[in-house]
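Novice: One structure coming up, written as structure tokens, with questions to follow.
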Amino acid sequence: MFIPVLRFTALALGLTLSATPAAFAQDGDAAAGKTVFRKCQACHTVQAGKHRMGPSLYGVIGREAGTAEGYPRYSDVMKAYGMVWTAETLDPYLENPKKAMPGNKMHFVGLKKAEDRADVIAYLKKASE
């Protein structure tokens, strides 16, 4: 009886009962993330210094946005973003890049499932070790 009331209250407040993006990122499955990353690999790699249409994502977690060494095609918006990529900052960007950073050049609609984003973040962490 308590759970339906809690659920109704949470929904009425516009909240969800799912885990936060940070919690998902901590619990992400790197092996599953490698599979999800196939959606990204047309433009990105996880090899240090190997850029494609987009920058290498090796070491992206902990790096300031728009600063991958040797990558020349960042948008002015990305270069001026001034944020360090963490699980918490990557999650909304991976969900909807255009909404999270209007004017960026990334031509990707995003990963709508929180689990997919958490898995990709876990994969990016592991691939950068």
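Letters A, B, ... mark the chains of the structure tokens in the order given; residue numbers begin at 1 per chain; ligand numbers begin at 1, in order shown.
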Using only C-alpha atoms, determine which residues lie at most 6 Å from Tyr123 in chain A, disregarding the query and same-chain residues fewer than 3 positions distant; provide the list as an MDAnalysis selection string.

Specialist: chainID A and resid 30 33:34 120 126:127

Novice: Produce a file of the selected residues containing N, CA and C atoms, as a PDB file, in the first residue's frame.

Specialist:
ATOM      1  N   ALA A  30      30.350  -2.527 -18.632  1.00  0.00           N
ATOM      2  CA  ALA A  30      31.287  -2.158 -19.694  1.00  0.00           C
ATOM      3  C   ALA A  30      31.172  -3.081 -20.904  1.00  0.00           C
ATOM      4  N   GLY A  33      28.269  -2.019 -22.722  1.00  0.00           N
ATOM      5  CA  GLY A  33      28.591  -0.710 -23.285  1.00  0.00           C
ATOM      6  C   GLY A  33      29.398  -0.800 -24.566  1.00  0.00           C
ATOM      7  N   LYS A  34      30.250  -1.810 -24.648  1.00  0.00           N
ATOM      8  CA  LYS A  34      31.032  -2.015 -25.879  1.00  0.00           C
ATOM      9  C   LYS A  34      30.091  -2.288 -27.043  1.00  0.00           C
ATOM     10  N   VAL A 120      27.594   2.617 -21.737  1.00  0.00           N
ATOM     11  CA  VAL A 120      28.598   3.287 -22.563  1.00  0.00           C
ATOM     12  C   VAL A 120      29.593   4.040 -21.684  1.00  0.00           C
ATOM     13  N   LYS A 126      36.442   2.007 -18.795  1.00  0.00           N
ATOM     14  CA  LYS A 126      37.273   0.792 -18.895  1.00  0.00           C
ATOM     15  C   LYS A 126      38.236   0.884 -20.082  1.00  0.00           C
ATOM     16  N   ALA A 127      37.763   1.383 -21.201  1.00  0.00           N
ATOM     17  CA  ALA A 127      38.596   1.464 -22.412  1.00  0.00           C
ATOM     18  C   ALA A 127      39.733   2.474 -22.256  1.00  0.00           C
TER      19      ALA A 127
END

Novice: Got a sec: who's within 8 Å of Asp76 in chain A, counting only C-alpha atoms, leaving out chain neighbours fewer than 3 positions off, as a VMD selection string?

Specialist: chain A and resid 79 to 80 104

Novice: What's the 8 Å shell around Gly110 in chain A, counting only C-alpha atoms, without same-chain residues fewer than 6 positions away, as an NGL selection string?

Specialist: :A and (93-97)

Novice: Write out, as a PDB file, in the first residue's frame, the residues just selected, with N, CA and C atoms.

Specialist:
ATOM      1  N   TYR A  93      24.240  14.593 -21.974  1.00  0.00           N
ATOM      2  CA  TYR A  93      24.761  14.840 -23.318  1.00  0.00           C
ATOM      3  C   TYR A  93      24.515  13.622 -24.206  1.00  0.00           C
ATOM      4  N   LEU A  94      24.781  12.437 -23.686  1.00  0.00           N
ATOM      5  CA  LEU A  94      24.557  11.220 -24.473  1.00  0.00           C
ATOM      6  C   LEU A  94      23.073  10.965 -24.715  1.00  0.00           C
ATOM      7  N   GLU A  95      22.237  11.439 -23.818  1.00  0.00           N
ATOM      8  CA  GLU A  95      20.798  11.269 -23.999  1.00  0.00           C
ATOM      9  C   GLU A  95      20.284  12.106 -25.166  1.00  0.00           C
ATOM     10  N   ASN A  96      20.745  13.346 -25.259  1.00  0.00           N
ATOM     11  CA  ASN A  96      20.277  14.233 -26.319  1.00  0.00           C
ATOM     12  C   ASN A  96      21.320  15.335 -26.524  1.00  0.00           C
ATOM     13  N   PRO A  97      22.324  15.086 -27.369  1.00  0.00           N
ATOM     14  CA  PRO A  97      23.415  16.053 -27.548  1.00  0.00           C
ATOM     15  C   PRO A  97      22.960  17.444 -27.966  1.00  0.00           C
TER      16      PRO A  97
END

Novice: If we count only C-alpha atoms and set the cut-off at 12 Å, which residues sit around range 38-41 of chain A, ignoring sequence neighbours fewer than 3 positions away in its own chain? Please answer as number ranges by chain.

Specialist: A: 31-35, 44-47, 50-57, 94, 106-111, 116-117, 120, 123-124

Novice: May I ask which of the residues A:Lys99, A:Asp119, A:Trp85, A:Arg73 is the closest one to Gly59 in chain A, counting only C-alpha atoms?

Specialist: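 Of all the options, A:Trp85 lies closest to Gly59 in chain A.
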
Novice: Could you tell me how far CA of Lys105 in chain A lies from CA of Asp29 in chain A, in Å and to one decimal?

Specialist: 28.0 Å
